[in-house]
$ cat coords_15.txt   # compact mmCIF, C-alpha atoms
# COMPACT_ATOMS: atom_id res chain seq x y z
CA MET A 1 9.64 88.22 72.89
CA TYR A 2 12.68 87.24 74.84
CA ILE A 3 14.33 84.24 76.45
CA GLY A 4 14.32 83.55 80.15
CA GLU A 5 14.44 80.76 82.68
CA GLN A 6 12.40 79.12 85.39
CA LEU A 7 14.63 78.62 88.40
CA ILE A 8 14.15 76.87 91.73
CA ASN A 9 15.82 78.51 94.72
CA PRO A 10 18.45 80.18 92.51
CA THR A 11 21.83 81.08 93.97
CA ASP A 12 23.53 84.30 92.97
CA ASP A 13 25.89 82.30 90.77
CA ARG A 14 22.95 80.65 88.99
CA LEU A 15 21.33 84.03 88.35
CA LYS A 16 24.64 85.33 87.06
CA LEU A 17 24.88 82.37 84.66
CA SER A 18 21.36 82.97 83.41
CA SER A 19 22.21 86.59 82.75
CA GLN A 20 25.38 85.59 80.91
CA LEU A 21 23.36 83.21 78.74
CA GLY A 22 21.19 86.11 77.61
CA SER A 23 18.09 85.68 79.75
CA ARG A 24 16.02 88.81 80.14
CA GLY A 25 13.43 87.42 82.52
CA ILE A 26 13.26 84.97 85.42
CA VAL A 27 10.34 82.91 86.69
CA ILE A 28 10.79 81.79 90.29
CA ASP A 29 9.51 78.21 90.32
CA SER A 30 10.31 77.48 93.99
CA ARG A 31 7.48 75.69 95.78
CA PRO A 32 7.55 76.57 98.62
CA ASN A 33 9.38 79.84 97.99
CA ARG A 34 11.08 80.07 101.37
CA GLU A 35 12.98 83.19 100.34
CA VAL A 36 9.80 85.28 100.57
CA ILE A 37 7.90 83.54 103.36
CA GLY A 38 7.43 85.54 106.56
CA GLU A 39 7.03 84.36 110.12
CA ASP A 40 3.31 83.83 109.58
CA GLY A 41 3.95 81.38 106.74
CA LEU A 42 2.70 83.80 104.08
CA TRP A 43 4.59 85.71 101.41
CA ASP A 44 5.96 88.93 102.85
CA PRO A 45 5.64 91.83 100.36
CA GLN A 46 8.98 93.33 101.43
CA LYS A 47 10.71 89.98 100.97
CA VAL A 48 9.15 89.77 97.52
CA VAL A 49 10.68 93.18 96.79
CA THR A 50 14.07 91.92 98.00
CA GLN A 51 13.89 88.85 95.78
CA ARG A 52 12.82 90.95 92.81
CA ARG A 53 15.65 93.44 93.32
CA ARG A 54 18.17 90.62 93.63
CA ILE A 55 17.14 89.39 90.17
CA GLU A 56 17.11 92.93 88.78
CA SER A 57 20.66 93.44 90.04
CA TYR A 58 21.73 90.95 87.34
CA GLY A 59 19.97 92.92 84.62
CA MET A 60 16.89 90.68 84.45
CA SER A 61 13.24 91.11 85.38
CA MET A 62 11.29 88.95 87.80
CA ASP A 63 8.40 88.03 85.53
CA CYS A 64 6.48 85.54 87.62
CA MET A 65 6.32 83.49 90.82
CA ALA A 66 4.89 79.99 91.23
CA LEU A 67 1.78 79.95 93.37
CA ASP A 68 1.82 76.76 95.42
CA VAL A 69 -1.82 75.63 95.27
CA SER A 70 -1.02 72.53 97.34
CA SER A 71 -3.98 70.14 97.59
CA VAL A 72 -6.66 72.81 97.22
CA LEU A 73 -8.25 71.30 94.10
CA LEU A 74 -8.80 67.86 95.58
CA ASP A 75 -9.64 69.38 98.97
CA SER A 76 -12.37 71.48 97.37
CA LEU A 77 -14.12 68.19 96.61
CA ARG A 78 -13.26 66.23 99.75
CA ASN A 79 -12.25 68.61 102.57
CA ARG A 80 -13.76 72.05 102.11
CA ASP A 81 -12.48 73.47 105.42
CA ARG A 82 -8.89 72.73 104.44
CA ALA A 83 -9.51 74.07 100.93
CA GLU A 84 -10.78 77.36 102.34
CA ALA A 85 -7.71 77.71 104.54
CA ILE A 86 -5.46 77.20 101.51
CA ILE A 87 -7.51 79.72 99.52
CA ARG A 88 -6.94 82.37 102.19
CA ARG A 89 -3.19 81.74 102.00
CA LEU A 90 -3.20 81.94 98.20
CA GLN A 91 -5.18 85.18 98.22
CA GLN A 92 -2.72 86.81 100.58
CA ASN A 93 0.24 85.58 98.54
CA ILE A 94 -1.27 87.10 95.40
CA ARG A 95 -1.63 90.42 97.23
CA ALA A 96 2.01 90.18 98.34
CA ALA A 97 3.15 89.54 94.77
CA GLY A 98 1.31 92.63 93.59
CA GLU A 99 2.62 94.78 96.43
CA GLY A 100 6.12 93.46 95.76
CA GLY A 101 6.01 94.51 92.11
CA VAL A 102 5.67 91.07 90.50
CA PRO A 103 3.15 91.17 87.64
CA MET A 104 2.21 87.49 87.41
CA VAL A 105 1.82 84.26 89.34
CA LYS A 106 1.49 80.84 87.77
CA TYR A 107 -0.28 77.77 89.05
CA THR A 108 -1.05 74.24 87.95
CA VAL A 109 -4.35 72.38 87.95
CA ALA A 110 -2.61 69.03 88.41
CA MET A 111 -4.13 67.15 91.33
CA VAL A 112 -2.18 63.97 90.66
CA GLY A 113 1.20 65.06 89.38
CA ILE A 114 2.51 65.18 85.83
CA THR A 115 2.03 61.55 84.85
CA ARG A 116 4.84 59.65 83.17
CA THR A 117 5.31 55.92 82.70
CA GLY A 118 9.06 55.55 82.14
CA THR A 119 12.16 56.86 80.41
CA VAL A 120 13.45 56.05 76.93
CA GLN A 121 16.77 56.77 75.28
CA GLY A 122 17.04 59.82 73.10
CA ARG A 123 19.85 61.42 71.14
CA GLY A 124 23.28 60.25 72.22
CA GLY A 125 21.86 58.13 75.02
CA MET A 126 20.16 60.93 76.94
CA MET A 127 17.20 59.71 78.99
CA CYS A 128 13.83 61.17 78.09
CA SER A 129 10.75 61.12 80.27
CA ALA A 130 7.92 59.33 78.47
CA PHE A 131 4.20 58.67 78.67
CA LYS A 132 2.58 55.64 77.04
CA ALA A 133 -0.99 55.35 78.23
CA ASP A 134 -1.21 51.62 77.58
CA GLU A 135 1.84 51.07 79.83
CA TYR A 136 0.43 52.92 82.83
CA LYS A 137 1.03 51.23 86.18
CA ALA A 138 0.87 52.73 89.67
CA GLU A 139 4.49 51.78 90.39
CA ASN A 140 5.64 53.56 87.22
CA ASP A 141 3.55 56.58 88.15
CA ALA A 142 5.30 56.76 91.54
CA ARG A 143 8.78 56.47 90.06
CA PHE A 144 8.64 58.38 86.79
CA SER A 145 6.08 61.17 87.23
CA TYR A 146 6.83 64.76 88.21
CA TRP A 147 5.79 65.64 91.76
CA GLY A 148 5.70 69.40 92.23
CA VAL A 149 9.21 70.62 91.53
CA VAL A 150 10.83 67.17 91.72
CA LEU A 151 12.26 65.62 88.57
CA PRO A 152 11.29 62.15 87.34
CA GLU A 153 13.60 59.33 88.37
CA ASP A 154 16.58 59.13 86.01
CA GLY A 155 17.15 55.44 86.67
CA ALA A 156 20.66 56.14 87.91
CA GLY A 157 20.03 56.99 91.53
CA GLY A 158 20.20 60.73 90.95
CA ALA A 159 19.84 63.37 93.62
CA HIS A 160 16.11 63.77 92.98
CA SER A 161 13.92 60.81 93.92
CA PRO A 162 10.21 61.24 93.17
CA VAL A 163 9.28 58.35 95.44
CA GLY A 164 11.15 59.97 98.31
CA ALA A 165 9.66 63.37 97.58
CA MET A 166 6.02 62.32 97.60
CA LYS A 167 3.99 63.66 100.55
CA THR A 168 6.57 66.43 101.10
CA ALA A 169 6.00 70.18 100.67
CA GLU A 170 7.94 70.09 97.40
CA ALA A 171 5.42 67.64 95.93
CA GLY A 172 2.88 70.47 95.86
CA GLY A 173 0.04 68.43 97.32
CA GLN A 174 0.02 66.09 94.32
CA ILE A 175 -0.62 62.36 94.68
CA MET A 176 -0.80 59.37 92.36
CA ALA A 177 -3.91 58.86 90.26
CA SER A 178 -4.39 55.48 91.95
CA GLU A 179 -4.55 57.25 95.34
CA ALA A 180 -6.90 60.08 94.43
CA GLY A 181 -10.13 58.19 94.01
CA ALA A 182 -12.25 58.78 90.94
CA ILE A 183 -12.52 62.40 89.81
CA SER A 184 -15.23 62.84 87.21
CA GLU A 185 -15.21 65.51 84.53
CA GLU A 186 -17.91 67.38 86.45
CA GLU A 187 -15.83 67.25 89.65
CA GLY A 188 -12.71 68.33 87.77
CA TRP A 189 -14.47 71.43 86.48
CA SER A 190 -16.01 72.11 89.88
CA ALA A 191 -12.57 72.14 91.50
CA ILE A 192 -11.06 74.40 88.84
CA ARG A 193 -13.96 76.86 89.00
CA TYR A 194 -13.66 76.94 92.78
CA LEU A 195 -9.98 77.89 92.53
CA VAL A 196 -10.36 80.47 89.76
CA GLU A 197 -13.45 82.14 91.22
CA ASN A 198 -11.74 82.54 94.60
CA LEU A 199 -8.42 83.83 93.28
CA LEU A 200 -9.39 85.95 90.29
CA PRO A 201 -11.01 88.90 92.12
CA VAL A 202 -7.94 89.28 94.34
CA ALA A 203 -5.64 89.04 91.31
CA GLU A 204 -7.60 91.73 89.48
CA GLU A 205 -7.52 94.02 92.52
CA SER A 206 -3.77 93.45 92.87
CA GLY A 207 -2.94 93.90 89.18
CA VAL A 208 -1.51 90.38 88.99
CA LYS A 209 -2.03 87.98 86.08
CA LEU A 210 -3.03 84.37 86.89
CA ALA A 211 -1.25 82.01 84.48
CA CYS A 212 -2.72 78.50 84.52
CA HIS A 213 -0.70 75.46 83.42
CA PRO A 214 -3.08 72.95 81.79
CA HIS A 215 -3.23 69.26 82.62
CA ASP A 216 -0.11 67.33 81.61
CA PRO A 217 -0.60 64.93 79.93
CA ALA A 218 -3.97 64.57 78.26
CA TYR A 219 -5.54 61.42 79.66
CA PRO A 220 -7.36 58.80 77.55
CA PRO A 221 -11.17 58.67 77.36
CA GLY A 222 -12.43 57.60 80.76
CA GLY A 223 -9.29 58.93 82.44
CA LEU A 224 -6.71 56.97 84.42
CA ASN A 225 -8.00 55.24 87.55
CA GLY A 226 -11.18 57.24 87.01
CA VAL A 227 -9.30 60.56 87.17
CA HIS A 228 -10.16 62.89 84.28
CA HIS A 229 -7.93 65.64 82.91
CA VAL A 230 -10.45 68.22 81.77
CA LEU A 231 -7.83 70.69 80.53
CA GLY A 232 -6.36 68.05 78.20
CA SER A 233 -7.81 69.39 74.95
CA LEU A 234 -8.33 72.67 73.11
CA ASP A 235 -12.02 72.44 73.94
CA GLY A 236 -11.05 72.18 77.60
CA LEU A 237 -8.83 75.26 77.30
CA ARG A 238 -11.71 77.16 75.69
CA LYS A 239 -14.07 76.15 78.49
CA PHE A 240 -11.46 77.26 81.03
CA ILE A 241 -11.29 80.77 79.54
CA GLY A 242 -15.07 80.74 79.55
CA ILE A 243 -15.08 80.66 83.35
CA ALA A 244 -14.24 84.38 83.27
CA PRO A 245 -14.18 85.54 79.65
CA GLU A 246 -14.03 89.25 80.48
CA ALA A 247 -11.17 88.99 82.98
CA LYS A 248 -7.90 89.96 81.31
CA THR A 249 -5.86 88.57 84.21
CA HIS A 250 -7.23 85.05 83.47
CA GLY A 251 -5.01 83.13 81.06
CA PHE A 252 -2.33 80.55 80.51
CA ASN A 253 1.12 79.47 81.40
CA PHE A 254 1.14 78.21 77.81
CA CYS A 255 3.10 74.96 77.79
CA GLN A 256 3.83 73.98 74.20
CA GLY A 257 4.76 70.46 75.21
CA THR A 258 1.51 69.95 77.10
CA ILE A 259 -0.53 71.23 74.17
CA ALA A 260 1.42 69.06 71.72
CA GLU A 261 0.56 66.05 73.92
CA MET A 262 -3.14 66.67 73.29
CA SER A 263 -3.02 65.65 69.62
CA LYS A 264 -1.70 63.25 67.02
CA ASP A 265 -0.92 66.39 64.99
CA PRO A 266 1.33 68.21 67.48
CA THR A 267 2.47 71.09 65.25
CA GLY A 268 -0.99 71.79 63.89
CA THR A 269 -2.58 71.77 67.32
CA VAL A 270 0.07 74.00 68.90
CA LEU A 271 -0.19 76.50 66.05
CA GLN A 272 -3.98 76.51 66.32
CA ALA A 273 -3.73 77.17 70.04
CA ILE A 274 -1.21 79.99 69.57
CA HIS A 275 -3.38 81.71 66.99
CA GLU A 276 -6.57 81.31 69.04
CA PHE A 277 -5.39 82.07 72.56
CA GLY A 278 -2.59 84.41 71.53
CA ALA A 279 -4.93 86.59 69.52
CA ASP A 280 -7.17 86.79 72.61
CA LYS A 281 -4.13 87.81 74.74
CA ARG A 282 -4.53 84.76 77.00
CA ILE A 283 -0.92 83.60 76.65
CA PHE A 284 0.88 85.14 79.62
CA MET A 285 4.11 83.11 79.54
CA VAL A 286 5.41 80.22 77.43
CA HIS A 287 7.09 76.92 78.25
CA PHE A 288 8.97 76.62 74.98
CA ARG A 289 9.52 72.87 74.86
CA ASN A 290 9.12 69.99 72.45
CA ILE A 291 8.04 66.36 72.46
CA LYS A 292 8.54 63.39 70.14
CA GLY A 293 5.25 61.67 69.37
CA GLY A 294 1.80 62.86 70.34
CA TYR A 295 -1.45 61.99 72.07
CA LEU A 296 -1.08 59.15 74.62
CA ASP A 297 2.38 58.13 73.30
CA PHE A 298 5.27 60.58 73.51
CA ARG A 299 8.64 61.29 75.02
CA GLU A 300 10.13 64.60 76.01
CA ALA A 301 12.80 65.96 73.65
CA MET A 302 15.35 68.67 73.12
CA PRO A 303 13.73 71.62 71.33
CA ASP A 304 15.42 70.95 67.98
CA GLU A 305 14.59 67.23 67.65
CA GLY A 306 10.92 66.82 68.48
CA SER A 307 7.69 66.59 66.52
CA VAL A 308 6.72 70.27 66.86
CA ASP A 309 8.05 72.78 64.31
CA MET A 310 9.48 75.32 66.75
CA PHE A 311 10.39 77.80 63.98
CA GLU A 312 6.76 77.98 62.88
CA CYS A 313 5.68 78.41 66.49
CA VAL A 314 7.90 81.46 66.98
CA LYS A 315 6.52 82.97 63.79
CA ALA A 316 3.00 82.35 65.10
CA TYR A 317 3.78 84.06 68.41
CA ARG A 318 5.06 87.05 66.50
CA LYS A 319 1.96 87.13 64.32
CA VAL A 320 -0.42 87.29 67.28
CA GLY A 321 1.68 89.94 69.01
CA TYR A 322 2.96 87.90 71.93
CA ASP A 323 5.84 89.83 73.50
CA GLY A 324 6.58 87.88 76.68
CA ILE A 325 9.01 85.28 77.94
CA LEU A 326 9.96 81.95 76.32
CA CYS A 327 11.25 79.51 78.96
CA PRO A 328 12.84 76.13 78.26
CA ASP A 329 11.25 73.35 80.28
CA HIS A 330 11.43 69.56 80.77
CA VAL A 331 14.74 68.97 79.01
CA PRO A 332 15.94 65.33 79.07
CA LEU A 333 18.19 63.79 81.72
CA SER A 334 21.85 62.76 81.52
CA ASP A 335 24.44 61.63 84.04
CA LEU A 336 26.84 63.86 82.07
CA ASP A 337 24.78 66.92 82.96
CA PRO A 338 23.30 66.13 86.38
CA GLY A 339 22.09 69.66 87.03
CA ARG A 340 20.84 69.95 83.42
CA GLU A 341 22.51 73.37 83.14
CA ARG A 342 24.14 72.50 79.82
CA PHE A 343 20.92 71.12 78.38
CA PHE A 344 19.00 74.21 79.47
CA SER A 345 21.78 76.39 78.05
CA PHE A 346 21.43 74.62 74.70
CA ALA A 347 17.66 75.20 74.77
CA LEU A 348 18.12 78.90 75.55
CA GLY A 349 20.61 79.34 72.72
CA TYR A 350 18.39 77.47 70.27
CA THR A 351 15.42 79.64 71.23
CA GLN A 352 17.44 82.83 70.89
CA GLY A 353 18.51 81.71 67.44
CA LEU A 354 14.88 81.25 66.41
CA LEU A 355 14.03 84.71 67.73
CA GLN A 356 16.81 86.22 65.66
CA ALA A 357 15.87 84.19 62.57
CA THR A 358 12.27 85.42 62.74
CA SER A 359 12.96 89.04 63.59
CA THR A 360 12.15 91.69 61.02
$ encode --input "coords_15.txt" --output "structure tokens"
Amino acid sequence: MYIGEQLINPTDDRLKLSSQLGSRGIVIDSRPNREVIGEDGLWDPQKVVTQRRRIESYGMSMDCMALDVSSVLLDSLRNRDRAEAIIRRLQQNIRAAGEGGVPMVKYTVAMVGITRTGTVQGRGGMMCSAFKADEYKAENDARFSYWGVVLPEDGAGGAHSPVGAMKTAEAGGQIMASEAGAISEEEGWSAIRYLVENLLPVAEESGVKLACHPHDPAYPPGGLNGVHHVLGSLDGLRKFIGIAPEAKTHGFNFCQGTIAEMSKDPTGTVLQAIHEFGADKRIFMVHFRNIKGGYLDFREAMPDEGSVDMFECVKAYRKVGYDGILCPDHVPLSDLDPGRERFFSFALGYTQGLLQATST
């Protein structure tokens, strides 16, 4: 196991900083990843090679690229012609990743963004993104949720404005739950199966792992605005693997925070998931993050101050033989650290300390 970072459109200086902080791997989270897009709008294998070599020049590996699934999930239910066009683009991009020497792509099954309802104060006055199901309102969804690679509103007029980013390429095709129209559990599974069954054969041929980020957060019974999050429980994760149980390229971008949000026993549920899916080698990369609270009522947190016992999690990863990347994710917001580089640096150092404390 080793520490690494997810970076969006990283400059050379940002890659150099990541290397200096001890990162061994980098996940390119850019959506769209303009650095590798060719004239035809698709990933160019040679440009993928160039991006990979740029990262390797700083002594790090390029572990993964974010596959921009756009609106394909919702389109598979409502606009099949557009969905099929997106599928063709995704298939070619997976081939380009494989040809470019990148072993994994990650994708999200979020049709409606990562739902949040506000921010609350955390340690020292930092602002923490929060979800309280009983406080859900469409206007809060628009302002405080994550849209693609855009951060929630920090309440201080920061550089990233989710409301302004909606409907843009960076929003990744995601819309508000109040705009989506009802999506039943059956429709949710239909959309996910459509995506997996169209991408998995190409991924297997290309030697590329497909790392799925589950629904964030788990929705209450009946969903929100009729939208169900079917990958919002361990049973949902099991059913997801069951779509292609023999395919070893079919697994998870295992987000600890997302899994902690599924339960009122965050540590117990995360440990159960690590032991179950880690033993089956379905954990392809890890978002090593924490939350305070649990099912339907939580806030995001720094890794050392949340409800999940991160030390026990690292021991569990070791026990199941996970040897991949641990990435910090979703750190809180502060006007004292507008780029969140210091907060991410703290998270990297904390994670490295846990790795050293659990090494044998």
$ atom_distance --input "coords_15.txt" --atom1 "atom CA of Ile291 of chain A" --atom2 "atom CA of Gly257 of chain A"
5.9 Å
$ closest_residue --input "coords_15.txt" --among "A:Leu296, A:Val308, A:Leu271, A:Ile183" --to "Arg116 of chain A" --atoms "all atoms listed in the file"
A:Leu296
$ axis_aligned_box --input "coords_15.txt" --around "segment 253-260 of chain A" --padding-each-side "8 Å" --output "lines of an AutoDock Vina configuration file"
center_x = 2.1
center_y = 74.3
center_z = 76.6
size_x = 21.3
size_y = 26.4
size_z = 25.7
$ closest_atom_pairs --input "coords_15.txt" --of "segment 84-197 of chain A" --to "segment 67-78 of chain A" --cutoff "6 Å" --atoms "all atoms listed in the file" --output "tab-separated table"
residue	atom	partner	partner_atom	distance
A:Val105	CA	A:Leu67	CA	5.9
A:Lys106	CA	A:Leu67	CA	5.7
A:Tyr107	CA	A:Leu67	CA	5.3
A:Gly172	CA	A:Ser70	CA	4.7
A:Gly173	CA	A:Ser70	CA	4.2
A:Ala191	CA	A:Leu73	CA	5.1
$ residues_around --input "coords_15.txt" --residues "Phe344 of chain A" --least-positions-apart "3" --cutoff "9 Å" --atoms "all atoms listed in the file" --output "PyMOL selection string"
chain A and resi 5+328-331+340-341+347-349
$ residues_around --input "coords_15.txt" --residues "Gly25 of chain A" --least-positions-apart "5" --cutoff "7 Å" --atoms "all atoms listed in the file" --output "ChimeraX atom specification"
/A:3-5,60-63,325
$ atom_distance --input "coords_15.txt" --atom1 "atom CA of Lys47 of chain A" --atom2 "atom CA of Ala96 of chain A"
9.1 Å
$ atom_distance --input "coords_15.txt" --atom1 "atom CA of Lys292 of chain A" --atom2 "atom CA of Glu139 of chain A"
23.7 Å
$ residues_around --input "coords_15.txt" --residues "segment 311-317 of chain A" --least-positions-apart "3" --cutoff "7 Å" --atoms "all atoms listed in the file" --output "PDB file with C-alpha atoms, in the frame of the given file"
ATOM      1  CA  LEU A 271      -0.190  76.500  66.050  1.00  0.00           C
ATOM      2  CA  ILE A 274      -1.210  79.990  69.570  1.00  0.00           C
ATOM      3  CA  HIS A 275      -3.380  81.710  66.990  1.00  0.00           C
ATOM      4  CA  VAL A 320      -0.420  87.290  67.280  1.00  0.00           C
ATOM      5  CA  GLY A 321       1.680  89.940  69.010  1.00  0.00           C
ATOM      6  CA  TYR A 322       2.960  87.900  71.930  1.00  0.00           C
ATOM      7  CA  LEU A 354      14.880  81.250  66.410  1.00  0.00           C
ATOM      8  CA  LEU A 355      14.030  84.710  67.730  1.00  0.00           C
ATOM      9  CA  THR A 358      12.270  85.420  62.740  1.00  0.00           C
TER      10      THR A 358
END
$ residues_around --input "coords_15.txt" --residues "Leu7 of chain A" --least-positions-apart "2" --cutoff "9 Å" --atoms "only C-alpha atoms" --output "PyMOL selection string"
chain A and resi 5+9-10+14-15+26-30
